[in-house]
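Beneath this line is the structure, given in structure tokens, with notes to follow.
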Amino acid sequence: MRHVPTLVRRELGAYFLGPMAWLILLGFQAIAWLNFWDLVEVLARPQVGLSQLSDPMVTYISGSMPFWIAMMVAIPALTMRLLAEEKRSGTIETLLTVPISETEVVTAKWAAGVIMYLVLLIPYALYLPFLYYQAEFHFDLGPIAALSIGLTTMGMMFISIGVFFSALTRNQIVAAIGTFVVMFLMLMLTFLGYRYVAGRGAVWAEALKFCSILYQAYGFGVGQLDLRVLAMHLSVAIFMLYLAVKVLQSREDRG
Amino acid sequence: MGLNDLLHRPAFSFSSFALMAGVILLWAMRTPPSSLVDDGEIPDRYLRGLIIRAVLGLVAVVAGAYAVVSDHVAWSMPLFASGFGLWLRLVRSNGRRRHESSGLRRIVNLADSALNASLLGGILIVGNLLAFKYGGMPIDMTRERSFSLSTTTLKQLAELDRPLTLTVFHNRGSQSIQQLDRVNQLLELYKSANSKLVKVELLDRFNEPDRYENLTKQVPDVALIPDGGVVFTYGEGESPDRMLVRNSDMFNLSASSSRPVGNEYISEFHGEDAITSALIRLREGKRSLIVFTTGHGETSANSDPRQPGVGIFRHRLEAVGSKLVDIDLNASQIDPETKLIIIIGPKSPFRPVEFVKLSAALEKNIPLLVLADASAKSGLEGFLKNYQVEIGAGVVVDPRSNYEGQSRLVIAQVGGPFRHPIVDPISNRRVLVPMAGPLRLMAPAPQVTIPLKVETILATGSESWAESNPQSLPPVLDPKDDSAGPVFVGVAISEPGKTARDPVKPKLVVFSSPYLIDNPFIEIAPTNLDLVMNAATWLRGRPDLIGITPKTHVALTLSVNPGMRARLVIVPTIMSVVVIIGLGVGTYLARRV
């Protein structure tokens, strides 16, 4: 694993030396601005809800549809080229002729993707100190901590799915579509599916709800840090990375 | 068992699917005869045997996983062992020869990958199961501990011995929907605490009229509730125990329980108290009898929040499973099943026969809760002296810590130096003590062998005093006649056990303000109700039922002018955009150079 830091630097360089990362970051900044604007307007209304627990973080991130749509676009865009481009251009052969294992390559690509994903969240974090100190709106910091941890592990999972699909093909578009479809299933279909079956008493409704990213994010947003959800995110991430390594290794067998 | 039963068993369906999947996989993995001819040395039959072994291994592992999911862990062991054994043997015995044939290499690599993937998957699944077992309740990271349950609730849920179904029904008004959210959040915590036995169901009375009608047949009171509530169904079968908790028991809709303070909107939620109390009541299946004395001008049972009366307190007692009876001690006997006698604000004197009955009840371990009126001569003063408590003269005033400048409406902090099961759960909260008299603790009479244990549970602040001249306005502390604070206004008396290990027997709780739980004062200070409810529960000898502290939620309003709001949105945005564009252009220029 000693080559991983070098490979991560190389990947981050590839991100930031091209225009793609900056454009995606600008896009996220625009969405964060819209979300924050909406949040400020909501918070400025007199809060007279009857014992309703709706933390500002739910309005700002967890329950924000633009945020999740941006995620579904940005993550496939970030991960599609990680391995698919190396395979298409043939540089993967060069990379693997040097004494670097497939595991190191996949881990480094994934780590770079996760770092880039966290960078995308910076615009969202940027507004909060202004709200806290400038406007003296002393919101609860617990839900922010829970949401930060939850979004990080969630990102680790999503990026690992992207890396896996990128390892499967040499076509970036196919990799992006694969990642998008899985993310769509996890985000939307689990949510809609749960809403549909919940009233019908289906036994697997709870399982669907547990897997629903939107419900997970809502839980984090109100300040509930569910270790089961974190374990699930990390398990999926590890398993997908393992599969990605296996896919890369199978390239030798076919060769 | 007939064929039809067999066909409808999930295990049969699963086995059929597994077999079909195995056959399809076998077909997909088959090695083309041409490659076998090229490889020459590996016979076709041998390769097919390996494929069959790999597929059988896969079927065995999947069947093992199914056995685990269906709670047949013992059955899963041989299945896993045979599956992994088949793969391991295949890899071990053919690993060195894999380069002899491309087909053999594919099969060995596939078996190797499947083995590793299964082992990794197994480890991850075990990790997840451990997270489910030991991390079942989400960590509550909120400042207000909104998503935590009290130990009383957790204990009750852990002790469930039958399935508990909580059916939440609601209306469509905005208030009802808001309440529904909060109730759902709470019930989810109940479910997390015992997911095996607790089930939460949602019932929209407009979308599901049949289910609603069925529910009203089972619990007719449901039809009388306009907003919503929770129906408990404890047990299964033909006649499970059922109980109803109304939203009004969980949400105090009064102005004081939801009040704006500056840019904060503070609301209180009694949901956990109401639901856990109902659960306890349901499990115990018996209502405890509480007697209110009448005939001496006691405070009325009026429940209008704006009118004097103790109706809100009485309603709360009923909500936690008590049966309330009013009796005139002069004319009636005290039922031996009585769990508690309550005297609130008597104005006219008790007769000697009534004191005899009260003393006899106390002797029989029926405890007494007294909210005495120090200004009235009810005769309780003398009676209480027998229990080492004296109601002093005067009225407690506090020119500093009071309600809206009215020095006789004293605000006292609960807890402080006084530790007692009654006050510990609401420690550091404030209560309003209106027009209270001073209480004094007396030494036990010389002939008493085992003295009573008399403990102060509530006192006013150090700047208060017992004003001997109630007419003086504003009150001025007279060091000669007035008793300087802190002034005791709440006392709990218990009988110690014969040995140090024996539990104490609660006997008596005295508050020296008759208005402590008067409806309008509960509206101003909801903690008053919690304090007296805790006292009632402690006296009944059920410290496990001491009221669960209501959850207080503070919703903040962003109180800045529109200009500031605009700056708040624009300034960070411009800063961030400038930084992103600057860094992007800088990188581009640096690369160009």
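By order of appearance in the structure tokens: chains A, B, ..., then residues from 1 within every chain, and ligands from 1 in the order shown.
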
I need the residues in region 307-473 of chain B that are strand (DSSP E or B) according to DSSP; give them as a ChimeraX atom specification. /B:322-327,338-344,368-371,389-391,395-397,402-403,406-413,430-434,439-441,453-459,465-467

Do a neighbour search on Phe164 (chain A) at 9 Å with only C-alpha atoms, toss out local chain neighbours closer than 6 positions, and write the hits as a VMD selection string. chain A and resid 83 106 175 179 240 to 245 247

Would you mind exporting the chosen residues as a PDB file, in the first residue's frame, restricted to C-alpha atoms?
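This went into selection_19.pdb:
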ATOM      1  CA  LEU A  83     -10.412   3.062 -14.539  1.00  0.00           C
ATOM      2  CA  VAL A 106      -8.198   0.537  -6.986  1.00  0.00           C
ATOM      3  CA  ALA A 175     -19.604   3.297 -16.439  1.00  0.00           C
ATOM      4  CA  THR A 179     -23.277   4.146 -11.433  1.00  0.00           C
ATOM      5  CA  MET A 240     -17.424  -3.121  -4.292  1.00  0.00           C
ATOM      6  CA  LEU A 241     -13.725  -2.310  -4.077  1.00  0.00           C
ATOM      7  CA  TYR A 242     -12.988  -6.015  -3.742  1.00  0.00           C
ATOM      8  CA  LEU A 243     -15.076  -6.712  -6.832  1.00  0.00           C
ATOM      9  CA  ALA A 244     -13.290  -3.926  -8.699  1.00  0.00           C
ATOM     10  CA  VAL A 245      -9.924  -5.492  -7.814  1.00  0.00           C
ATOM     11  CA  VAL A 247     -12.384  -7.382 -12.262  1.00  0.00           C
TER      12      VAL A 247
END

Which residue is closest to Pro451 (chain B)? Choose from B:Ser576, B:Asn469, B:Asn128, B:Ser494 and count only C-alpha atoms.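 Counting only C-alpha atoms, the residue closest to Pro451 (chain B) is B:Ser494.
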
I need the residues in region 95-207 of chain A that are alpha helix (DSSP H) according to DSSP; give them as a ChimeraX atom specification. /A:95-97,102-129,141-168,172-184,190-198,205-207

Quick one: everything within 7 Å of Ser160 (chain A), counting only C-alpha atoms, minus sequence neighbours fewer than 2 positions away in the same chain. Send it as a tab-separated table (two decimals) with N, CA, C and O atoms, in the first residue's frame.
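Listing of result_37.tsv after writing:
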chain	number	residue	atom	x	y	z
A	110	TRP	N	-10.08	5.08	-5.62
A	110	TRP	CA	-11.23	5.28	-4.75
A	110	TRP	C	-10.97	6.43	-3.76
A	110	TRP	O	-11.81	7.31	-3.57
A	156	MET	N	-18.28	7.36	0.42
A	156	MET	CA	-17.35	6.24	0.25
A	156	MET	C	-18.04	5.10	-0.51
A	156	MET	O	-17.46	4.47	-1.39
A	157	MET	N	-19.29	4.87	-0.15
A	157	MET	CA	-20.04	3.79	-0.80
A	157	MET	C	-20.31	4.13	-2.27
A	157	MET	O	-20.06	3.31	-3.15
A	158	PHE	N	-20.79	5.33	-2.51
A	158	PHE	CA	-21.11	5.71	-3.89
A	158	PHE	C	-19.87	5.67	-4.78
A	158	PHE	O	-19.92	5.20	-5.92
A	162	GLY	N	-18.99	3.55	-8.16
A	162	GLY	CA	-18.49	4.17	-9.39
A	162	GLY	C	-17.20	3.52	-9.85
A	162	GLY	O	-17.01	3.24	-11.04
A	163	VAL	N	-16.30	3.25	-8.91
A	163	VAL	CA	-15.02	2.61	-9.25
A	163	VAL	C	-15.28	1.22	-9.84
A	163	VAL	O	-14.65	0.82	-10.83
A	164	PHE	N	-16.21	0.52	-9.25
A	164	PHE	CA	-16.51	-0.83	-9.75
A	164	PHE	C	-17.01	-0.78	-11.19
A	164	PHE	O	-16.54	-1.52	-12.05
A	237	ALA	N	-18.97	-0.50	0.47
A	237	ALA	CA	-17.76	0.10	-0.12
A	237	ALA	C	-16.65	-0.94	-0.23
A	237	ALA	O	-16.03	-1.09	-1.29
A	240	MET	N	-17.52	-3.61	-2.91
A	240	MET	CA	-17.42	-3.12	-4.29
A	240	MET	C	-15.96	-2.93	-4.70
A	240	MET	O	-15.59	-3.21	-5.85
A	241	LEU	N	-15.15	-2.47	-3.76
A	241	LEU	CA	-13.72	-2.31	-4.08
A	241	LEU	C	-13.09	-3.68	-4.33
A	241	LEU	O	-12.26	-3.84	-5.24

Can you list, as an NGL selection string, every protein, DNA or RNA residue that comes within 9 Å of Leu160 (chain B) when you count only C-alpha atoms, leaving out same-chain residues fewer than 2 positions away? :B and (155-158 or 162-164 or 194 or 197-198 or 283)

Could you state the separation of CA of Met71 (chain A) and CA of Leu128 (chain A) in Å, given to one decimal place? 20.0 Å

One decimal, Å: what's the distance from CA of Leu371 (chain B) over to CA of Pro486 (chain B), could you say?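 Going from CA of Leu371 (chain B) over to CA of Pro486 (chain B) covers 19.3 Å.
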
Skipping near chain neighbours, those fewer than 3 positions away, what residues fall within 8 Å of region 165-173 of chain A using only C-alpha atoms, listed as a compact mmCIF listing (two decimals) with all heavy atoms, in the first residue's frame?
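Wrote it out as result-v3.txt, contents follow:
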# COMPACT_ATOMS: atom_id res chain seq x y z
N THR A 79 -16.41 9.47 -11.20
CA THR A 79 -15.82 8.13 -11.14
C THR A 79 -15.71 7.44 -12.50
O THR A 79 -14.98 6.47 -12.64
CB THR A 79 -16.67 7.22 -10.22
OG1 THR A 79 -18.02 7.21 -10.68
CG2 THR A 79 -16.63 7.69 -8.79
N MET A 80 -16.43 7.95 -13.49
CA MET A 80 -16.51 7.21 -14.75
C MET A 80 -15.14 7.03 -15.41
O MET A 80 -14.87 6.01 -16.03
CB MET A 80 -17.50 7.88 -15.70
CG MET A 80 -17.10 9.26 -16.16
SD MET A 80 -18.39 9.96 -17.19
CE MET A 80 -17.60 11.47 -17.73
N ARG A 81 -14.28 8.01 -15.24
CA ARG A 81 -13.02 7.93 -15.95
C ARG A 81 -11.92 7.23 -15.14
O ARG A 81 -10.85 6.95 -15.68
CB ARG A 81 -12.53 9.32 -16.36
CG ARG A 81 -12.52 10.35 -15.27
CD ARG A 81 -11.64 11.52 -15.58
NE ARG A 81 -10.23 11.14 -15.49
CZ ARG A 81 -9.58 11.02 -14.34
NH1 ARG A 81 -10.19 11.21 -13.20
NH2 ARG A 81 -8.30 10.70 -14.33
N LEU A 82 -12.17 6.97 -13.90
CA LEU A 82 -11.09 6.50 -13.02
C LEU A 82 -10.35 5.29 -13.61
O LEU A 82 -9.12 5.30 -13.71
CB LEU A 82 -11.65 6.15 -11.64
CG LEU A 82 -11.98 7.36 -10.75
CD1 LEU A 82 -12.69 6.92 -9.48
CD2 LEU A 82 -10.73 8.16 -10.41
N LEU A 83 -11.07 4.25 -13.98
CA LEU A 83 -10.41 3.06 -14.54
C LEU A 83 -10.75 2.87 -16.01
O LEU A 83 -9.93 2.39 -16.78
CB LEU A 83 -10.82 1.82 -13.74
CG LEU A 83 -10.17 1.74 -12.35
CD1 LEU A 83 -10.92 0.76 -11.46
CD2 LEU A 83 -8.71 1.34 -12.44
N ALA A 84 -11.98 3.29 -16.39
CA ALA A 84 -12.40 3.09 -17.78
C ALA A 84 -11.47 3.82 -18.75
O ALA A 84 -11.08 3.28 -19.80
CB ALA A 84 -13.84 3.57 -17.95
N GLU A 85 -11.08 5.04 -18.38
CA GLU A 85 -10.21 5.84 -19.25
C GLU A 85 -8.83 5.20 -19.36
O GLU A 85 -8.22 5.16 -20.43
CB GLU A 85 -10.13 7.27 -18.70
CG GLU A 85 -9.17 8.20 -19.41
CD GLU A 85 -9.55 8.44 -20.87
OE1 GLU A 85 -10.67 8.08 -21.26
OE2 GLU A 85 -8.69 8.96 -21.62
N GLU A 86 -8.34 4.68 -18.23
CA GLU A 86 -7.03 3.99 -18.23
C GLU A 86 -7.09 2.77 -19.15
O GLU A 86 -6.13 2.46 -19.87
CB GLU A 86 -6.68 3.53 -16.80
CG GLU A 86 -6.60 4.64 -15.78
CD GLU A 86 -5.18 5.09 -15.50
OE1 GLU A 86 -4.31 4.83 -16.34
OE2 GLU A 86 -4.96 5.71 -14.45
N LYS A 87 -8.24 2.09 -19.11
CA LYS A 87 -8.37 0.90 -19.94
C LYS A 87 -8.49 1.28 -21.41
O LYS A 87 -7.89 0.66 -22.28
CB LYS A 87 -9.60 0.09 -19.50
CG LYS A 87 -9.39 -0.64 -18.19
CD LYS A 87 -10.67 -1.17 -17.65
CE LYS A 87 -10.81 -2.65 -17.86
NZ LYS A 87 -12.04 -3.17 -17.26
N ARG A 88 -9.27 2.32 -21.67
CA ARG A 88 -9.47 2.72 -23.07
C ARG A 88 -8.17 3.18 -23.70
O ARG A 88 -7.84 2.82 -24.82
CB ARG A 88 -10.52 3.85 -23.13
CG ARG A 88 -10.99 4.20 -24.53
CD ARG A 88 -11.71 5.54 -24.56
NE ARG A 88 -10.87 6.65 -24.15
CZ ARG A 88 -9.97 7.25 -24.94
NH1 ARG A 88 -9.78 6.83 -26.17
NH2 ARG A 88 -9.24 8.24 -24.49
N ILE A 161 -18.91 2.24 -5.73
CA ILE A 161 -19.80 1.71 -6.79
C ILE A 161 -19.33 2.25 -8.14
O ILE A 161 -19.24 1.52 -9.13
CB ILE A 161 -21.27 2.09 -6.49
CG1 ILE A 161 -21.75 1.34 -5.26
CG2 ILE A 161 -22.16 1.79 -7.69
CD1 ILE A 161 -23.07 1.84 -4.69
N GLY A 162 -18.99 3.55 -8.16
CA GLY A 162 -18.49 4.17 -9.39
C GLY A 162 -17.20 3.52 -9.85
O GLY A 162 -17.01 3.24 -11.04
N ALA A 176 -20.62 5.49 -16.31
CA ALA A 176 -21.42 6.54 -15.66
C ALA A 176 -22.88 6.12 -15.56
O ALA A 176 -23.52 6.30 -14.51
CB ALA A 176 -21.30 7.84 -16.46
N ILE A 177 -23.39 5.50 -16.63
CA ILE A 177 -24.80 5.07 -16.60
C ILE A 177 -25.00 4.00 -15.53
O ILE A 177 -25.98 4.03 -14.78
CB ILE A 177 -25.24 4.59 -18.00
CG1 ILE A 177 -25.33 5.79 -18.95
CG2 ILE A 177 -26.60 3.88 -17.94
CD1 ILE A 177 -25.59 5.43 -20.39
N GLY A 178 -24.07 3.06 -15.46
CA GLY A 178 -24.18 2.00 -14.44
C GLY A 178 -24.22 2.59 -13.04
O GLY A 178 -25.09 2.23 -12.22
N THR A 179 -23.32 3.52 -12.76
CA THR A 179 -23.28 4.15 -11.43
C THR A 179 -24.57 4.92 -11.17
O THR A 179 -25.15 4.84 -10.09
CB THR A 179 -22.08 5.12 -11.34
OG1 THR A 179 -20.92 4.44 -11.80
CG2 THR A 179 -21.85 5.60 -9.93
N ALA A 244 -14.05 -4.69 -7.70
CA ALA A 244 -13.29 -3.93 -8.70
C ALA A 244 -11.89 -4.51 -8.86
O ALA A 244 -11.38 -4.65 -9.99
CB ALA A 244 -13.22 -2.46 -8.29
N VAL A 247 -12.15 -7.65 -10.84
CA VAL A 247 -12.38 -7.38 -12.26
C VAL A 247 -11.06 -7.03 -12.94
O VAL A 247 -10.75 -7.52 -14.03
CB VAL A 247 -13.42 -6.23 -12.44
CG1 VAL A 247 -13.49 -5.79 -13.89
CG2 VAL A 247 -14.79 -6.69 -11.97
N LEU A 248 -10.26 -6.21 -12.26
CA LEU A 248 -8.95 -5.85 -12.83
C LEU A 248 -8.05 -7.08 -12.96
O LEU A 248 -7.34 -7.24 -13.94
CB LEU A 248 -8.26 -4.81 -11.95
CG LEU A 248 -8.51 -3.33 -12.23
CD1 LEU A 248 -7.47 -2.49 -11.51
CD2 LEU A 248 -8.45 -3.03 -13.72

Just checking: using only C-alpha atoms, which residue out of A:Met154, A:Ala14, A:Leu120, A:Leu96 ends up closest to Met183 (chain A)?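 Among A:Met154, A:Ala14, A:Leu120, A:Leu96, it is A:Met154 that comes nearest to Met183 (chain A).
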
Please list as a ChimeraX atom specification every residue within 8 Å of Leu78 (chain A), counting only C-alpha atoms and excluding residues in the same chain fewer than 4 positions away. /A:21,74,82,113,116

File of the preceding selection, N, CA, C and O atoms, as a compact mmCIF listing (two decimals), in the first residue's frame:
# COMPACT_ATOMS: atom_id res chain seq x y z
N ALA A 21 -13.24 19.18 -12.73
CA ALA A 21 -13.44 19.32 -11.28
C ALA A 21 -13.94 20.72 -10.94
O ALA A 21 -14.84 20.88 -10.11
N ALA A 74 -23.03 14.19 -10.27
CA ALA A 74 -21.61 14.45 -10.02
C ALA A 74 -20.81 13.16 -9.76
O ALA A 74 -19.70 13.01 -10.27
N LEU A 82 -12.17 6.97 -13.90
CA LEU A 82 -11.09 6.50 -13.02
C LEU A 82 -10.35 5.29 -13.61
O LEU A 82 -9.12 5.30 -13.71
N GLY A 113 -11.21 9.67 -5.42
CA GLY A 113 -12.63 9.98 -5.67
C GLY A 113 -13.32 10.47 -4.41
O GLY A 113 -14.10 11.43 -4.44
N MET A 116 -12.22 13.99 -3.63
CA MET A 116 -12.89 14.93 -4.55
C MET A 116 -14.35 15.13 -4.15
O MET A 116 -14.87 16.24 -4.19

Which is closer to chain A than all the others in B:Leu477, B:Val353, B:Leu516, B:Leu129, using only C-alpha atoms?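 Closest to chain A of all the choices is B:Leu129.
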
Do a neighbour search on Phe210 (chain A) at 10 Å with only C-alpha atoms, toss out local chain neighbours closer than 3 positions, and write the hits as an mmCIF file with N, CA, C and O atoms, in the first residue's frame.
data_model
loop_
_atom_site.group_PDB
_atom_site.id
_atom_site.type_symbol
_atom_site.label_atom_id
_atom_site.label_comp_id
_atom_site.auth_asym_id
_atom_site.auth_seq_id
_atom_site.Cartn_x
_atom_site.Cartn_y
_atom_site.Cartn_z
ATOM 1 N N THR A 190 -35.883 2.989 -3.640
ATOM 2 C CA THR A 190 -36.084 2.495 -2.268
ATOM 3 C C THR A 190 -37.070 3.406 -1.548
ATOM 4 O O THR A 190 -37.949 2.939 -0.829
ATOM 5 N N PHE A 191 -36.935 4.712 -1.781
ATOM 6 C CA PHE A 191 -37.820 5.685 -1.133
ATOM 7 C C PHE A 191 -39.264 5.508 -1.613
ATOM 8 O O PHE A 191 -40.184 5.327 -0.823
ATOM 9 N N TYR A 194 -40.681 2.138 -0.642
ATOM 10 C CA TYR A 194 -41.108 2.068 0.760
ATOM 11 C C TYR A 194 -42.444 2.790 0.936
ATOM 12 O O TYR A 194 -43.349 2.282 1.593
ATOM 13 N N TRP A 204 -41.142 -6.675 3.901
ATOM 14 C CA TRP A 204 -39.836 -6.148 3.506
ATOM 15 C C TRP A 204 -39.832 -4.625 3.399
ATOM 16 O O TRP A 204 -38.869 -4.033 2.960
ATOM 17 N N ALA A 205 -40.937 -3.995 3.825
ATOM 18 C CA ALA A 205 -40.990 -2.534 3.779
ATOM 19 C C ALA A 205 -39.891 -1.922 4.644
ATOM 20 O O ALA A 205 -39.240 -0.950 4.250
ATOM 21 N N GLU A 206 -39.674 -2.516 5.796
ATOM 22 C CA GLU A 206 -38.662 -1.964 6.714
ATOM 23 C C GLU A 206 -37.262 -2.094 6.130
ATOM 24 O O GLU A 206 -36.429 -1.212 6.291
ATOM 25 N N ALA A 207 -37.029 -3.245 5.448
ATOM 26 C CA ALA A 207 -35.712 -3.438 4.823
ATOM 27 C C ALA A 207 -35.497 -2.380 3.747
ATOM 28 O O ALA A 207 -34.409 -1.812 3.608
ATOM 29 N N ILE A 213 -31.528 5.669 0.868
ATOM 30 C CA ILE A 213 -30.536 6.703 1.168
ATOM 31 C C ILE A 213 -31.218 7.957 1.711
ATOM 32 O O ILE A 213 -30.713 8.628 2.615
ATOM 33 N N LEU A 214 -32.400 8.281 1.168
ATOM 34 C CA LEU A 214 -33.077 9.508 1.612
ATOM 35 C C LEU A 214 -33.492 9.403 3.071
ATOM 36 O O LEU A 214 -33.365 10.365 3.827
ATOM 37 N N TYR A 215 -33.977 8.244 3.488
ATOM 38 C CA TYR A 215 -34.341 8.074 4.894
ATOM 39 C C TYR A 215 -33.094 8.092 5.781
ATOM 40 O O TYR A 215 -33.103 8.630 6.879
ATOM 41 N N GLN A 216 -32.025 7.482 5.255
ATOM 42 C CA GLN A 216 -30.772 7.499 6.031
ATOM 43 C C GLN A 216 -30.305 8.939 6.231
ATOM 44 O O GLN A 216 -29.939 9.338 7.341
ATOM 45 N N ARG A 228 -25.699 1.109 12.332
ATOM 46 C CA ARG A 228 -26.049 0.053 11.376
ATOM 47 C C ARG A 228 -25.928 0.583 9.955
ATOM 48 O O ARG A 228 -25.459 -0.111 9.049
ATOM 49 N N VAL A 229 -26.340 1.829 9.783
ATOM 50 C CA VAL A 229 -26.255 2.431 8.443
ATOM 51 C C VAL A 229 -24.793 2.638 8.053
ATOM 52 O O VAL A 229 -24.390 2.344 6.920
ATOM 53 N N MET A 232 -23.355 -0.560 7.045
ATOM 54 C CA MET A 232 -23.805 -0.948 5.711
ATOM 55 C C MET A 232 -23.021 -0.195 4.634
ATOM 56 O O MET A 232 -22.546 -0.797 3.674
#

Would you compute the distance between CA of Ala131 (chain B) and CA of Ala231 (chain A)? Give it in Å to one decimal.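 CA of Ala231 (chain A) lies at a distance of 6.6 Å from CA of Ala131 (chain B).
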
Give the answer as one residue: which of B:Ser300, B:Ser93, B:Thr587, B:Ser472 has the shortest atom-to-atom distance to chain A, using only C-alpha atoms?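 That would be B:Thr587, the residue with the smallest distance to chain A.
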